[in-house]
Amino acid sequence: MRTKLTIAIAGVGLLLAAAPMWAHHAFAAEFDPNKTVKLEGTVTQMEWINPHAWIHMDVKGPDGKVVNWMVECGTPNTLFRKGLNKNSLPVGTEIKVDGYQAKDGSTRANGRDVTFPDGRKVFIGNNSPDAPPEK
Amino acid sequence: MTRQTLAIGGALAMAVLLSIPASGQAPSAAAKPGALKTAWTPPKTADGQPDIEGIWTNATLTPLERPKELGDKKFFTEAEAAAFEKQTVQARNADTRNPDPVADFKAYNEAWFDWGNKISKTRQTSLIVDPADGRVPPYTPEAQRRIAANARALQERCERAVCPPSNSGAIPADAPEDRPLMERCIVWDTSGPPMLPTAYNNNYRFVQTPGYVTINIEMIHDYRVIPLDGRPHLPPNIRQWLGDSRGHWEGNTLVVDVTNFTDKTAFQNSTDKLHVVERFTRTDPDTLMYEFTVDDPATFVRPWSGSIPMSKTPGPLYEYACHEGNTGMTGILSGARAMEKERTKN
């Protein structure tokens with residue numbers, strides 16, 4: 001059993017070590033891993049486009065000025081299979097986004113976590129081995 | 001992937017595996033690993049082909065290559081499989097941004113992905129089944145020289161030009177043509193052949209007409225049109241992104257011979273001499289066994305094979321019009337320009 005444990009642990013480690021970004025494009029070429037952003041604001045538009053969906057949102061800065069941000073999400077197919085659709089984020093919805101800003105300094109970010117103000121996640125991975133298989 | 005994350009992964013695996021009861025170690029007779037082939041006979045299409053129509057998915061957590069530490073262990077027990085699944089999903093979904101925010105992998109959570117949450121129903125430990133260690137065979141000396149020369153050329157270029165990361169390492173971004181085919185929405189590297197699972201869109205629609213099988217790959221919306229009439233392959237001067245497929249039925253198994261690959265793709269560092277043979281066998285109403293053999297004498301010291309049981313999925317298959325809003329390319333190129341400015345400043 002002891003040998004088995006070691007094998008399994010090392011195996012999983014290797015698997016993860018070999019895991020690349022797997023998104024449609026290389027994250028760190030487009031976004032800056034050192035520029036984390038926390039955005040709070042209201043949805044102005046949800047674009048259901050390939051290869052990635054985009055949330056547009058108005059964010060009020062510390063100076064009171066409102067700036068429109070674009071936030072990249074997963075692929076429309078994946079989001080739709082996870083139960084999201086065009087009614088999930090209507091204009092005016094308040095959300096918080098944790099992500100990374102674009103390398104070129106523009107007001108674009110990737111949205112790692114998108115949550116409602118009460119902390120509920122908007123995009124729920126729901127990827128537990130105990131969960132029913134997804135359609 | 002940082003060492004820290006690995007350590008966390010290891011600790012998680014330890015916690016999960018320690019909780020496995022001893023009785024969970026032996027696989028039950030009913031779920032014998034690898035035993036998918038049955039005497040079941042598939043129905044026939046109107047023109048008499050074994051019916052493999054429908055939408056199938058190859059989403060799986062089973063890795064292409066077996067982790068070295070597992071040696072020749074071909075199958076997980078049920079308990080090992082459950083532990084492996086749980087740990088893999090947890091580790092992939094873990095919020096590991098703090099305290100070190102630098103690794104790419106942390107930029108996404110599971111909401112972005114659709115690679116499933118199970119290993120293959122055969123419980124095989126790798127998709128590769130031959131050679132016995134479940135890994136891509138060693139490269140030939142010729143391939144090693146080629147790979148090393150390419151790496152040197154890239155390194156020389158990256159000493160002069162800014163080289164942002166990509167899914168295949170840091171590469172130039174002077175123009176879109178510098179970037180990988182995936183970023184350019186031209187072809188996804190798992191569309192193959194061989195067709196392998198990836199992070200999402202792991203769905204394939206098979207349509208059979210008299211004389212043809214067509215496979216519509218959801219990822220980047222690719223099509224494979226496979227004639228069954230015994231016609232020869234395309235002439236050698238014609239090269240295609242997905243190669244050139246010719247099929248025939250051997251009993252209930254569709255055998256597809258694929259050649260005429262282009263040197264613009266390089267599956268596991270292969271050349272355009274890549275030769276893939278695929279076998280599709282519907283072993284029960286909900287399982288399409290996909291087996292493939294890869295050969296390229298210019299690259300691998302021997303041919304190698306893998307298998308994935310594909311599962312029936314209700315669909316629908318969605319369009320993945322990759323060019324529709326591919327702002328990623330703009331973002332990558334403008335990011336590279338920003339890196340250049342930064343470099344000039346310093």
# chains A, B, ... in the order shown; residues from 1 in each chain; ligands from 1
>>> residues_around(residues="Glu183 in chain B", least_positions_apart="4", cutoff="12 Å", atoms="only C-alpha atoms", output="VMD selection string")
(chain A and resid 22 to 27 29 to 30 51) or (chain B and resid 165 to 168 173 176 to 179 187 to 189 220 322 to 323 325 to 333)
>>> write_last_selection(atoms="N, CA and C atoms", output="tab-separated table (two decimals), in the first residue's frame")
chain	number	residue	atom	x	y	z
A	22	TRP	N	-4.10	25.29	-21.96
A	22	TRP	CA	-5.27	24.64	-22.51
A	22	TRP	C	-6.39	25.57	-22.90
A	23	ALA	N	-6.23	26.83	-22.63
A	23	ALA	CA	-7.27	27.72	-23.14
A	23	ALA	C	-6.99	27.86	-24.64
A	24	HIS	N	-7.84	28.58	-25.29
A	24	HIS	CA	-7.71	28.69	-26.73
A	24	HIS	C	-6.36	29.30	-27.13
A	25	HIS	N	-5.84	30.15	-26.28
A	25	HIS	CA	-4.57	30.80	-26.58
A	25	HIS	C	-3.78	30.89	-25.29
A	26	ALA	N	-2.52	31.25	-25.42
A	26	ALA	CA	-1.67	31.30	-24.24
A	26	ALA	C	-2.05	32.50	-23.38
A	27	PHE	N	-2.51	32.23	-22.18
A	27	PHE	CA	-2.93	33.28	-21.27
A	27	PHE	C	-1.85	34.35	-21.11
A	29	ALA	N	0.55	35.33	-22.82
A	29	ALA	CA	0.95	36.17	-23.94
A	29	ALA	C	0.03	37.38	-24.03
A	30	GLU	N	-1.21	37.19	-23.58
A	30	GLU	CA	-2.21	38.25	-23.74
A	30	GLU	C	-2.44	39.02	-22.43
A	51	PRO	N	-14.06	32.62	-30.20
A	51	PRO	CA	-13.86	31.39	-29.43
A	51	PRO	C	-14.08	31.58	-27.93
B	165	PRO	N	4.84	33.76	-24.27
B	165	PRO	CA	4.53	32.34	-24.12
B	165	PRO	C	3.47	31.88	-25.12
B	166	SER	N	3.44	30.58	-25.35
B	166	SER	CA	2.35	29.98	-26.12
B	166	SER	C	2.12	28.61	-25.49
B	167	ASN	N	1.13	27.88	-26.00
B	167	ASN	CA	0.89	26.54	-25.47
B	167	ASN	C	2.05	25.60	-25.78
B	168	SER	N	2.94	26.03	-26.71
B	168	SER	CA	4.11	25.19	-26.99
B	168	SER	C	5.39	25.94	-26.67
B	173	ALA	N	6.30	36.73	-31.78
B	173	ALA	CA	4.96	37.25	-32.07
B	173	ALA	C	5.09	38.50	-32.91
B	176	PRO	N	1.02	37.38	-37.01
B	176	PRO	CA	0.18	36.22	-36.68
B	176	PRO	C	0.80	34.89	-37.11
B	177	GLU	N	1.55	34.91	-38.24
B	177	GLU	CA	2.11	33.66	-38.76
B	177	GLU	C	3.12	33.04	-37.81
B	178	ASP	N	3.65	33.85	-36.89
B	178	ASP	CA	4.60	33.32	-35.90
B	178	ASP	C	3.90	32.44	-34.86
B	179	ARG	N	2.60	32.63	-34.71
B	179	ARG	CA	1.90	32.01	-33.58
B	179	ARG	C	1.36	30.63	-33.94
B	187	VAL	N	-6.25	25.08	-37.08
B	187	VAL	CA	-6.56	23.68	-36.75
B	187	VAL	C	-6.15	23.47	-35.30
B	188	TRP	N	-6.90	22.66	-34.59
B	188	TRP	CA	-6.57	22.37	-33.20
B	188	TRP	C	-5.68	21.15	-33.17
B	189	ASP	N	-4.67	21.14	-32.30
B	189	ASP	CA	-3.70	20.05	-32.39
B	189	ASP	C	-4.25	18.70	-31.93
B	220	ILE	N	-13.03	23.76	-33.16
B	220	ILE	CA	-12.73	24.56	-34.35
B	220	ILE	C	-13.55	24.12	-35.56
B	322	CYS	N	-14.33	29.68	-34.68
B	322	CYS	CA	-13.18	30.21	-33.95
B	322	CYS	C	-12.77	31.62	-34.39
B	323	HIS	N	-12.98	31.94	-35.67
B	323	HIS	CA	-12.57	33.26	-36.15
B	323	HIS	C	-13.53	34.38	-35.75
B	325	GLY	N	-14.72	35.92	-33.14
B	325	GLY	CA	-14.28	37.03	-32.30
B	325	GLY	C	-12.93	36.72	-31.70
B	326	ASN	N	-11.99	36.33	-32.55
B	326	ASN	CA	-10.69	35.91	-32.04
B	326	ASN	C	-9.85	37.11	-31.64
B	327	THR	N	-10.28	37.79	-30.57
B	327	THR	CA	-9.52	38.95	-30.10
B	327	THR	C	-8.22	38.52	-29.44
B	328	GLY	N	-8.09	37.23	-29.21
B	328	GLY	CA	-6.86	36.72	-28.59
B	328	GLY	C	-5.64	37.10	-29.40
B	329	MET	N	-5.74	36.97	-30.73
B	329	MET	CA	-4.57	37.27	-31.57
B	329	MET	C	-4.17	38.74	-31.43
B	330	THR	N	-5.18	39.64	-31.47
B	330	THR	CA	-4.89	41.07	-31.29
B	330	THR	C	-4.23	41.29	-29.94
B	331	GLY	N	-4.80	40.65	-28.91
B	331	GLY	CA	-4.27	40.83	-27.56
B	331	GLY	C	-2.84	40.33	-27.43
B	332	ILE	N	-2.55	39.23	-28.10
B	332	ILE	CA	-1.20	38.65	-28.02
B	332	ILE	C	-0.19	39.55	-28.74
B	333	LEU	N	-0.58	40.02	-29.93
B	333	LEU	CA	0.35	40.87	-30.69
B	333	LEU	C	0.55	42.23	-30.00
>>> residues_around(residues="Ile49 in chain A", least_positions_apart="6", cutoff="8 Å", atoms="only C-alpha atoms", output="PDB file with N, CA and C atoms, in the first residue's frame")
ATOM      1  N   THR A  75     -15.442  29.315 -23.399  1.00  0.00           N
ATOM      2  CA  THR A  75     -16.059  29.231 -24.722  1.00  0.00           C
ATOM      3  C   THR A  75     -17.577  29.210 -24.580  1.00  0.00           C
ATOM      4  N   PRO A  76     -18.294  29.761 -25.544  1.00  0.00           N
ATOM      5  CA  PRO A  76     -19.755  29.754 -25.443  1.00  0.00           C
ATOM      6  C   PRO A  76     -20.317  28.333 -25.323  1.00  0.00           C
TER       7      PRO A  76
ATOM      8  N   GLU B 324     -14.716  33.977 -35.275  1.00  0.00           N
ATOM      9  CA  GLU B 324     -15.778  34.959 -35.073  1.00  0.00           C
ATOM     10  C   GLU B 324     -15.331  36.176 -34.277  1.00  0.00           C
ATOM     11  N   GLY B 325     -14.718  35.922 -33.143  1.00  0.00           N
ATOM     12  CA  GLY B 325     -14.278  37.032 -32.302  1.00  0.00           C
ATOM     13  C   GLY B 325     -12.927  36.719 -31.698  1.00  0.00           C
TER      14      GLY B 325
END
>>> residues_around(residues="Thr78 in chain A", least_positions_apart="6", cutoff="8 Å", atoms="only C-alpha atoms", output="PyMOL selection string")
chain B and resi 112-114+200-201
>>> write_last_selection(atoms="N, CA and C atoms", output="CSV table (one decimal), in the first residue's frame")
chain,number,residue,atom,x,y,z
B,112,TRP,N,-14.2,27.2,-17.0
B,112,TRP,CA,-13.7,27.4,-18.3
B,112,TRP,C,-13.6,26.1,-19.1
B,113,PHE,N,-13.6,25.0,-18.4
B,113,PHE,CA,-13.2,23.7,-19.1
B,113,PHE,C,-14.3,22.7,-19.1
B,114,ASP,N,-14.2,21.7,-20.0
B,114,ASP,CA,-15.2,20.7,-20.1
B,114,ASP,C,-14.5,19.4,-20.5
B,200,TYR,N,-11.9,21.3,-23.9
B,200,TYR,CA,-13.4,21.5,-24.1
B,200,TYR,C,-13.7,21.1,-25.5
B,201,ASN,N,-15.0,21.2,-25.8
B,201,ASN,CA,-15.5,20.8,-27.2
B,201,ASN,C,-15.1,19.4,-27.6
>>> atom_distance(atom1="CA of Leu228 in chain B", atom2="CA of Thr287 in chain B")
22.2 Å
>>> residues_around(residues="range 60-63 of chain B", least_positions_apart="6", cutoff="8 Å", atoms="only C-alpha atoms", output="PyMOL selection string")
(chain A and resi 15) or (chain B and resi 85+88+115-120+124-127+197)
>>> residues_around(residues="range 112-123 of chain A", least_positions_apart="5", cutoff="9 Å", atoms="only C-alpha atoms", output="PDB file with N, CA and C atoms, in the first residue's frame")
ATOM      1  N   GLU A  40     -15.464  45.583  -9.792  1.00  0.00           N
ATOM      2  CA  GLU A  40     -16.836  45.536  -9.301  1.00  0.00           C
ATOM      3  C   GLU A  40     -17.650  46.504 -10.120  1.00  0.00           C
ATOM      4  N   GLU A  72     -12.886  38.460 -20.399  1.00  0.00           N
ATOM      5  CA  GLU A  72     -12.938  37.237 -21.186  1.00  0.00           C
ATOM      6  C   GLU A  72     -13.436  36.064 -20.348  1.00  0.00           C
ATOM      7  N   CYS A  73     -14.331  35.280 -20.943  1.00  0.00           N
ATOM      8  CA  CYS A  73     -14.863  34.083 -20.273  1.00  0.00           C
ATOM      9  C   CYS A  73     -14.490  32.848 -21.097  1.00  0.00           C
ATOM     10  N   LEU A  79     -19.843  27.135 -21.708  1.00  0.00           N
ATOM     11  CA  LEU A  79     -20.718  27.861 -20.784  1.00  0.00           C
ATOM     12  C   LEU A  79     -22.164  27.399 -20.952  1.00  0.00           C
ATOM     13  N   LYS A  82     -22.852  24.187 -19.408  1.00  0.00           N
ATOM     14  CA  LYS A  82     -22.870  24.290 -17.956  1.00  0.00           C
ATOM     15  C   LYS A  82     -24.118  25.017 -17.469  1.00  0.00           C
ATOM     16  N   LEU A  84     -25.482  27.974 -18.640  1.00  0.00           N
ATOM     17  CA  LEU A  84     -25.616  29.428 -18.801  1.00  0.00           C
ATOM     18  C   LEU A  84     -26.177  29.738 -20.172  1.00  0.00           C
ATOM     19  N   SER A  88     -28.523  34.747 -18.587  1.00  0.00           N
ATOM     20  CA  SER A  88     -27.864  34.544 -17.295  1.00  0.00           C
ATOM     21  C   SER A  88     -27.239  35.826 -16.727  1.00  0.00           C
ATOM     22  N   LEU A  89     -26.801  36.706 -17.590  1.00  0.00           N
ATOM     23  CA  LEU A  89     -26.153  37.934 -17.115  1.00  0.00           C
ATOM     24  C   LEU A  89     -26.777  39.144 -17.795  1.00  0.00           C
ATOM     25  N   THR A  93     -26.793  43.726 -14.295  1.00  0.00           N
ATOM     26  CA  THR A  93     -26.447  42.812 -13.212  1.00  0.00           C
ATOM     27  C   THR A  93     -25.156  43.268 -12.533  1.00  0.00           C
ATOM     28  N   GLU A  94     -25.168  43.249 -11.213  1.00  0.00           N
ATOM     29  CA  GLU A  94     -23.937  43.604 -10.504  1.00  0.00           C
ATOM     30  C   GLU A  94     -23.068  42.368 -10.336  1.00  0.00           C
ATOM     31  N   ILE A  95     -21.814  42.485 -10.694  1.00  0.00           N
ATOM     32  CA  ILE A  95     -20.888  41.359 -10.551  1.00  0.00           C
ATOM     33  C   ILE A  95     -19.529  41.846 -10.049  1.00  0.00           C
ATOM     34  N   LYS A  96     -18.781  40.859  -9.550  1.00  0.00           N
ATOM     35  CA  LYS A  96     -17.380  41.108  -9.184  1.00  0.00           C
ATOM     36  C   LYS A  96     -16.524  40.158 -10.008  1.00  0.00           C
ATOM     37  N   VAL A  97     -15.406  40.643 -10.476  1.00  0.00           N
ATOM     38  CA  VAL A  97     -14.521  39.819 -11.288  1.00  0.00           C
ATOM     39  C   VAL A  97     -13.121  39.819 -10.688  1.00  0.00           C
ATOM     40  N   ASP A  98     -12.580  38.641 -10.507  1.00  0.00           N
ATOM     41  CA  ASP A  98     -11.163  38.500 -10.172  1.00  0.00           C
ATOM     42  C   ASP A  98     -10.454  38.015 -11.408  1.00  0.00           C
ATOM     43  N   GLY A  99      -9.461  38.714 -11.839  1.00  0.00           N
ATOM     44  CA  GLY A  99      -8.773  38.274 -13.049  1.00  0.00           C
ATOM     45  C   GLY A  99      -7.454  38.979 -13.234  1.00  0.00           C
ATOM     46  N   TYR A 100      -7.007  39.010 -14.488  1.00  0.00           N
ATOM     47  CA  TYR A 100      -5.708  39.594 -14.824  1.00  0.00           C
ATOM     48  C   TYR A 100      -5.881  40.554 -15.984  1.00  0.00           C
TER      49      TYR A 100
ATOM     50  N   LYS B 106      -3.093  29.066 -13.140  1.00  0.00           N
ATOM     51  CA  LYS B 106      -3.953  29.619 -12.099  1.00  0.00           C
ATOM     52  C   LYS B 106      -4.974  30.589 -12.667  1.00  0.00           C
ATOM     53  N   ALA B 107      -4.796  30.955 -13.898  1.00  0.00           N
ATOM     54  CA  ALA B 107      -5.645  32.001 -14.453  1.00  0.00           C
ATOM     55  C   ALA B 107      -7.051  31.509 -14.761  1.00  0.00           C
ATOM     56  N   TYR B 108      -7.268  30.222 -14.664  1.00  0.00           N
ATOM     57  CA  TYR B 108      -8.568  29.679 -15.030  1.00  0.00           C
ATOM     58  C   TYR B 108      -9.068  28.719 -13.959  1.00  0.00           C
ATOM     59  N   ASN B 109     -10.395  28.718 -13.782  1.00  0.00           N
ATOM     60  CA  ASN B 109     -10.969  27.683 -12.936  1.00  0.00           C
ATOM     61  C   ASN B 109     -11.779  26.724 -13.812  1.00  0.00           C
ATOM     62  N   GLU B 110     -12.430  25.780 -13.177  1.00  0.00           N
ATOM     63  CA  GLU B 110     -13.093  24.727 -13.933  1.00  0.00           C
ATOM     64  C   GLU B 110     -14.268  25.223 -14.775  1.00  0.00           C
ATOM     65  N   ALA B 111     -14.748  26.439 -14.489  1.00  0.00           N
ATOM     66  CA  ALA B 111     -15.860  26.967 -15.290  1.00  0.00           C
ATOM     67  C   ALA B 111     -15.452  27.099 -16.751  1.00  0.00           C
ATOM     68  N   TRP B 112     -14.156  27.198 -16.986  1.00  0.00           N
ATOM     69  CA  TRP B 112     -13.663  27.393 -18.350  1.00  0.00           C
ATOM     70  C   TRP B 112     -13.584  26.085 -19.123  1.00  0.00           C
TER      71      TRP B 112
END
